[in-house]
Amino acid sequence: MRTLSMTILLAALLAGCPSKRPNPDGPLPTPGDTEPPPEEPLPSGPPVPTGPANVPEFQPAFPGQTRAPAIQTKTAVQVTEIASGFRNPWAIAFLPDQRMLVTEKPTGSLYIVTPQGAKSPAVAGLPPVDGRGQGGLLDVEVGPDYAQRGLIYWTYYEPRSGGNGLAVARAKLVEGAQPRVEGVQVIFRMMPTLESTLHAGGRLVFTPDGKLFVTLGERSILAGRVQARDVRSHFGKVVRINPDGSVPLDNPYVNTEGAKREIWSVGHRNILSAALDRQQRLWIVEMGPRGGDELNRPEAGKDYGWPTIGYGEEYSGAPIHESTQGPGMEQPVYYWDPVISPSGMTIYTGELFPEWRDNVFIGGLSSQALVRLMMRNDRVVGEERLLTGLNARIREVVQGPEGALYLLTDETNGKLLKLTPR
């Protein structure tokens with residue numbers, strides 16, 4: 001492994017105001033009385049320098065919805081290169097012994113990587129992928145019952161007659177000199193089939209109650225985009241399934257005639273970032289067009305508006321939305337214009353970086369940064385761009401078992417990196 005050292009200077013304090021006694025004229029507390037600990041002041045000042053908005057006429061729906069004050073990590077950070085030589089890697093998942101599964105998008109290859117950087121031969125037995133464009137082998141997750149059954153789960157662009165679509169498969173991982181998977185089952189297929197190499201989403205998130213969220217895109221082309229709010233289609237949705245692919249009976253559309261019963265929420269563009277918070281709620285970041293990347297907390301049965309509302313425009317500069325708001329449609333918690341091009345996401349719960357607790361970390365592709373969001377009461381109160389000196393597209397970010405952050409760079413010689421205090 002080789003180590004790159006970088007110091008990220010200065011500090012951003014977490015948020016709030018000093019606590020006060022309920023009655024400032026009343027008696028002082030006696031020994032044994034307790035008061036809430038004082039909260040630290042909210043960040044203030046200018047936002048991260050990003051240049052002018054693409055659609056300046058679209059104004060935020062509430063204060064702090066975009067361009068939060070810039071913050072800076074006070075802990076010196078060390079970046080260690082664990083391994084390299086991956087062709088456009090996409091995802092990391094940790095096995096119980098701290099080895100990692102790493103996917104390689106265009107080739108459809110899956111590798112086992114040790115903490116020291118040794119890489120296995122490609123795991124045999126995975127189904128073929130459509131690796132064109134944004135397709136290929138995408139996310140991978142270790143099943144919640146891996147210790148008993150050895151199951152892993154992954155998403156990929158499945159080649160089909162008449163086009164392709166995102167699929168979720170699972171199989172038993174069999175280790176050895178030539179690792180392989182056995183008993184492959186496809187447990188979910190995005191429908192309908194469409195010929196597109198764009199916007200299929202693909203992140204997997206297991207919940208503590210054993211359910212599996214799958215994030216989907218609307219395939220980009222107009223024929224798919226117009227289905228994003230249509231419950232008869234999987235396009236532009238978050239779906240929720242059981243680990244065997246069956247539908248949970250408390251899903252919001254199980255009794256809606258004609259609806260895809262797997263659907264959890266609708267009206268999304270292309271969701272490449274997803275994670276659970278400490279309260280086990282799902283958060284996502286979805287790619288906007290030119291302007292309008294969004295942080296959302298998708299709730300059951302809610303409509304997030306794409307393509308009817310949003311904060312961006314076509315890449316050509318042509319308008320998409322008449323308005324940023326509409327009846328029955330949810331506002332994003334936060335949005336970016338210009339965009340960060342999000343991919344990969346974790347919400348930090350470790351001990352190595354106490355100042356990062358409950359902060360959101362997002363891989364930035366076009367922004368070539370690890371984007372950090374400081375949160376307070378489900379709102380963004382500060383933003384930071386880390387690792388900009390790497391000049392690399394950050395495809396994935398996950399928290400390791402020991403509290404370090406692990407990243408993948410999206411390159412033909414993609415790297416697996418580890419962030420720890422220096």
# chains A, B, ... in the order shown; residues from 1 in each chain; ligands from 1
call {"tool": "residues_around", "arguments": {"residues": "segment 188-191 of chain A", "least_positions_apart": "5", "cutoff": "12 Å", "atoms": "only C-alpha atoms", "output": "PyMOL selection string"}}
result
chain A and resi 153-160+163-170+199-202+204+212-219+224+227+231-247+259-263
call {"tool": "select_by_dssp", "arguments": {"residues": "segment 143-195 of chain A", "states": "strand (DSSP E or B)", "output": "ChimeraX atom specification"}}
result
/A:151-160,163-174,180-189,194
call {"tool": "closest_atom_pairs", "arguments": {"of": "segment 340-410 of chain A", "to": "segment 96-106 of chain A", "cutoff": "12 Å", "atoms": "only C-alpha atoms", "output": "JSON lines"}}
result
{"residue": "A:Arg395", "atom": "CA", "partner": "A:Lys105", "partner_atom": "CA", "distance": 10.8}
{"residue": "A:Glu396", "atom": "CA", "partner": "A:Val102", "partner_atom": "CA", "distance": 10.3}
{"residue": "A:Val397", "atom": "CA", "partner": "A:Val102", "partner_atom": "CA", "distance": 11.9}
{"residue": "A:Val398", "atom": "CA", "partner": "A:Met100", "partner_atom": "CA", "distance": 11.0}
{"residue": "A:Gln399", "atom": "CA", "partner": "A:Gln98", "partner_atom": "CA", "distance": 11.5}
{"residue": "A:Gly400", "atom": "CA", "partner": "A:Gln98", "partner_atom": "CA", "distance": 8.0}
{"residue": "A:Pro401", "atom": "CA", "partner": "A:Gln98", "partner_atom": "CA", "distance": 7.1}
{"residue": "A:Glu402", "atom": "CA", "partner": "A:Gln98", "partner_atom": "CA", "distance": 9.1}
{"residue": "A:Gly403", "atom": "CA", "partner": "A:Gln98", "partner_atom": "CA", "distance": 11.8}
{"residue": "A:Ala404", "atom": "CA", "partner": "A:Gln98", "partner_atom": "CA", "distance": 11.8}
{"residue": "A:Tyr406", "atom": "CA", "partner": "A:Met100", "partner_atom": "CA", "distance": 10.2}
{"residue": "A:Leu407", "atom": "CA", "partner": "A:Val102", "partner_atom": "CA", "distance": 10.7}
{"residue": "A:Leu408", "atom": "CA", "partner": "A:Val102", "partner_atom": "CA", "distance": 9.0}
{"residue": "A:Thr409", "atom": "CA", "partner": "A:Glu104", "partner_atom": "CA", "distance": 11.2}
{"residue": "A:Asp410", "atom": "CA", "partner": "A:Lys105", "partner_atom": "CA", "distance": 9.6}
call {"tool": "closest_residue", "arguments": {"among": "A:Leu137, A:Leu173, A:Val184, A:Val339", "to": "Arg149 of chain A", "atoms": "only C-alpha atoms"}}
result
A:Leu173
call {"tool": "residues_around", "arguments": {"residues": "Pro121 of chain A", "least_positions_apart": "3", "cutoff": "8 Å", "atoms": "only C-alpha atoms", "output": "ChimeraX atom specification"}}
result
/A:111-112,177-179
